[in-house]
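Heads up, the thing below is written out as structure tokens.
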Amino acid sequence: MTHAATVHSLWTTAAAAPDKIPSPDIEYGQLSPTLIVLGAAIVGVLIEAFLPRRQRYVAQLFVSVVALAAAFAAVIGLAAGDYGTSKAHAAAMGAIAVDGPALFLQGTILLVALVAVFTFAERRLDPVVHGNRVDSFAAQAAAVPGGDAEKAAVKAGFTTTEVFPLVLFAVGGMLVFPSANDLLTLFVALEVFSLPLYILCALARRHRALSQEAAVKYFLLGAFSSAFLLFGIALLYGYAGTVAYSGIADVVDGQVRNVTPALAGTMGNDALLLIGGAMVLMGLLFKIGAVPFHMWTPDVYQGAPTPVTGFMAAATKVAAFGALLRLLYVVLPGLRWDWRPVMWGVAIVTMLGGAIVAVTQTDVKRLLAYSSIAHAGFILAGVIATTPDGISSVLFYLAAYSFVTLGAFAVVTLVRDAGGEATHLSKWAGLGRRSPLVAAVFAVFLLAFAGIPLTSGFAGKFAVFKAAADGGAGPLVVIGVISSAIAAFFYIRVIVLMFFSEPRTDGPSVAVPSPLTSSAIAIGVAVTLVLGVAPQYFLDLASQAGVFVR
């Protein structure tokens, strides 16, 4: 029987038995946060196609804000309906987990995205060009930097409103990423949120070439990490005969159910499990920006438009850590003795590497990038704890950290000179005398990064280190505290530079933002102080949400 005949007979058998293909059973209500955001993103694409250019900005901003707020309301509704606790289960035929960590992380991502959209919509920072107010994004994204098409677009006062649907698509992917309950859903979500970010990184209005270089670096390294992840998924499928998290966990624990004859030869092969698990882990550590997979972070953070950097630094970390927690706690808890030593090593080099290299930085955005690498190390300490406290401390830290990051990058957009944002540290000298309010707000964010008491950074670090110490990772906490001390040095140095050095005569000016950026910064400050002064309610919330469904 030839190959074609075999395939043909398979087709006819499948066609003859239509009742063999089960119709999917989708719980739309429980997937509503993701569906609302993706639906709004599609509406955004239609707005770009059909509305006249003048009306697009208002329409896109309205659709984005309403969609993110509605999706957040849907998350609150699901949490109120006990889907985070007693009704936690795997929805969409086992592809998506609806449980406490998923809802907590989705709520955080949606709030972060909502605040980030305000910074995306800011139109008042650059001086008025040709009678039009302009934003941080290229006038015409497809035009060659410095070419005739770009000059014509700038002169015509074009603005890039496509950034709003791109953000919504990215958020849609990020909502699925930490709640994915099988490896294929995880990979699809990774691509859905990575591709819009690659494009957003290339859209800076000033320094177009630097911005495009950042996007290409991010794209190429992201493609490598996706390849590692996909290859790891293939190996884990060969090991367990399934891509579902619970199925793989069962095989790791030695409970094998119905075996496909084709996979019987490789099932339970530990080499496949260890190499596959390591590769999937590499893909996730790249997204987190952990050393040694961090090389893209400083370049991309520096080159991307600052609103995009803030959004990416905050939201991607939340999504990626959620996926990492679910992988380690749901799929590979039986491998704890194998992955813990490796994660110890990664956490130590990430904390120390991020903190030490940050000391040498002269650019504000690169400094914040290395600081975010150090923070990834601190959060990994909580992941390593492998206790319920570990999960809840990581959830709390992510929520606290993301708003500090967003606020800090929003402040960076305000300090400008003739060439756009003044990100070189020397230009920030004496900023505290020129505009005390902006410098004071930035100082609050820097103190939170440093983990000074009465800020959210202290509460987060304390929770993570306490969980790590209780989980038997005492030496890790010592290294974490040392790294924090090194990190505090360069945060304090920036504060000293702003308040205690003479302002330069040719120094930058501080733009007066519209209510959009002002509210983004205000929300950042409020969250930083509230989580620092009264963290208990939110810690309790995180510990209630700290149970994964299996």
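Residue numbering restarts at 1 for every chain of the structure tokens, chains are lettered A, B, ... in their displayed order, and ligands are numbered from 1 as they appear.
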
> Which neighbours of A:Leu229 fall inside 10 Å, counting only C-alpha atoms, when residues of the same chain fewer than 3 positions from it are skipped, and could you give them as a PyMOL selection string?
Replying inline: chain A and resi 183+186-187+190+223-226+232-235+276-284

> Where in stretch 7-218 of chain A does DSSP assign helix (DSSP H, G or I), given as a PyMOL selection string?
Replying inline: chain A and resi 7-16+18-20+32-50+53-80+100-120+148-155+163-179+183-201+208-218

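Distances from A:Leu285, A:Ala249, A:Ala399, A:Val154 to A:Val346 were compared using only C-alpha atoms, and the smallest one belongs to A:Leu285.
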
> What's the 8 Å shell around A:Ser371, counting only C-alpha atoms, without same-chain residues fewer than 3 positions away, as a PyMOL selection string?
Replying inline: chain A and resi 354-355+358+367-368+374-375+449+487

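Residues in contact with stretch 200-216 of chain A at up to 6 Å, not including ones fewer than 3 positions away on its chain and judged by only C-alpha atoms, are Ser136, Phe137, Ala138, Pro145, Leu197, Phe219, Asp299, Val300, Gly303, Ala304 and Pro305 of chain A.
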
> Within 12 Å of A:Pro515, counting only C-alpha atoms, which residues qualify if same-chain residues fewer than 3 places away don't, as a count of residues only?
Replying inline: 15

>> I'd like the contact shell of stretch 310-323 of chain A - 9 Å cut-off, only C-alpha atoms, skipping same-chain residues fewer than 4 positions apart - returned as a ChimeraX atom specification.
In response: /A:101-102,105-106,108-110,112-113,115-117,119,167,171,173-180,186,190,193,197,284-285,287-289,301,305-306,327-328,369,372,376,379-380,383,394-395,398-399,401-410

Can you list every residue of stretch 146-244 of chain A that has an atom at most 10 Å from stretch 51-72 of chain A, with its nearest atom pair and the distance in Å to one decimal, using only C-alpha atoms, ordered by chain then number, as CSV?
residue,atom,partner,partner_atom,distance
A:Phe158,CA,A:Arg53,CA,8.1
A:Thr159,CA,A:Tyr57,CA,8.3
A:Thr160,CA,A:Tyr57,CA,8.6
A:Thr161,CA,A:Tyr57,CA,5.8
A:Glu162,CA,A:Gln60,CA,8.4
A:Val163,CA,A:Gln60,CA,9.1
A:Phe164,CA,A:Gln60,CA,6.3
A:Pro165,CA,A:Ser64,CA,7.6
A:Val167,CA,A:Ser64,CA,8.7
A:Leu168,CA,A:Ser64,CA,7.1
A:Val171,CA,A:Leu68,CA,9.1

Just the selected residues (C-alpha atoms), exported as a PDB file, in the first residue's frame, please.
ATOM      1  CA  PHE A 158       1.164  62.370  11.110  1.00  0.00           C
ATOM      2  CA  THR A 159       1.128  60.329  14.313  1.00  0.00           C
ATOM      3  CA  THR A 160       1.339  56.580  14.696  1.00  0.00           C
ATOM      4  CA  THR A 161      -1.923  55.437  16.265  1.00  0.00           C
ATOM      5  CA  GLU A 162      -1.262  51.760  15.431  1.00  0.00           C
ATOM      6  CA  VAL A 163       0.624  51.511  18.721  1.00  0.00           C
ATOM      7  CA  PHE A 164      -2.668  51.099  20.614  1.00  0.00           C
ATOM      8  CA  PRO A 165      -3.860  47.878  18.898  1.00  0.00           C
ATOM      9  CA  VAL A 167      -0.258  47.091  22.837  1.00  0.00           C
ATOM     10  CA  LEU A 168      -3.614  45.331  23.124  1.00  0.00           C
ATOM     11  CA  VAL A 171      -1.481  42.342  26.483  1.00  0.00           C
TER      12      VAL A 171
END

>> Show me, as a PyMOL selection string, the residues that have an atom within 12 Å of A:Leu274 when counting only C-alpha atoms, minus same-chain residues fewer than 6 positions from it.
In response: chain A and resi 232-233+235-236+238-239+252+268+280-281+332+334-339+342

Using C-alpha atoms, can you write the selected residues to a file as a PDB file, in the first residue's frame?
ATOM      1  CA  GLY A 232      12.326  21.891  24.631  1.00  0.00           C
ATOM      2  CA  ILE A 233       8.573  21.421  24.127  1.00  0.00           C
ATOM      3  CA  LEU A 235      11.616  16.883  23.802  1.00  0.00           C
ATOM      4  CA  LEU A 236       9.127  17.045  26.701  1.00  0.00           C
ATOM      5  CA  GLY A 238       8.734  12.847  23.439  1.00  0.00           C
ATOM      6  CA  TYR A 239       9.298  12.209  27.131  1.00  0.00           C
ATOM      7  CA  VAL A 252       7.554  12.704  36.092  1.00  0.00           C
ATOM      8  CA  GLY A 268      10.100   8.108  30.691  1.00  0.00           C
ATOM      9  CA  VAL A 280      11.916  25.483  28.095  1.00  0.00           C
ATOM     10  CA  LEU A 281      13.442  27.131  31.169  1.00  0.00           C
ATOM     11  CA  LEU A 332       8.348  19.870  37.335  1.00  0.00           C
ATOM     12  CA  GLY A 334       9.112  16.105  40.922  1.00  0.00           C
ATOM     13  CA  LEU A 335      12.384  17.449  39.496  1.00  0.00           C
ATOM     14  CA  ARG A 336      12.957  19.881  42.342  1.00  0.00           C
ATOM     15  CA  TRP A 337      16.343  18.400  43.219  1.00  0.00           C
ATOM     16  CA  ASP A 338      17.501  18.871  39.630  1.00  0.00           C
ATOM     17  CA  TRP A 339      16.291  22.407  38.926  1.00  0.00           C
ATOM     18  CA  VAL A 342      20.596  25.460  38.599  1.00  0.00           C
TER      19      VAL A 342
END
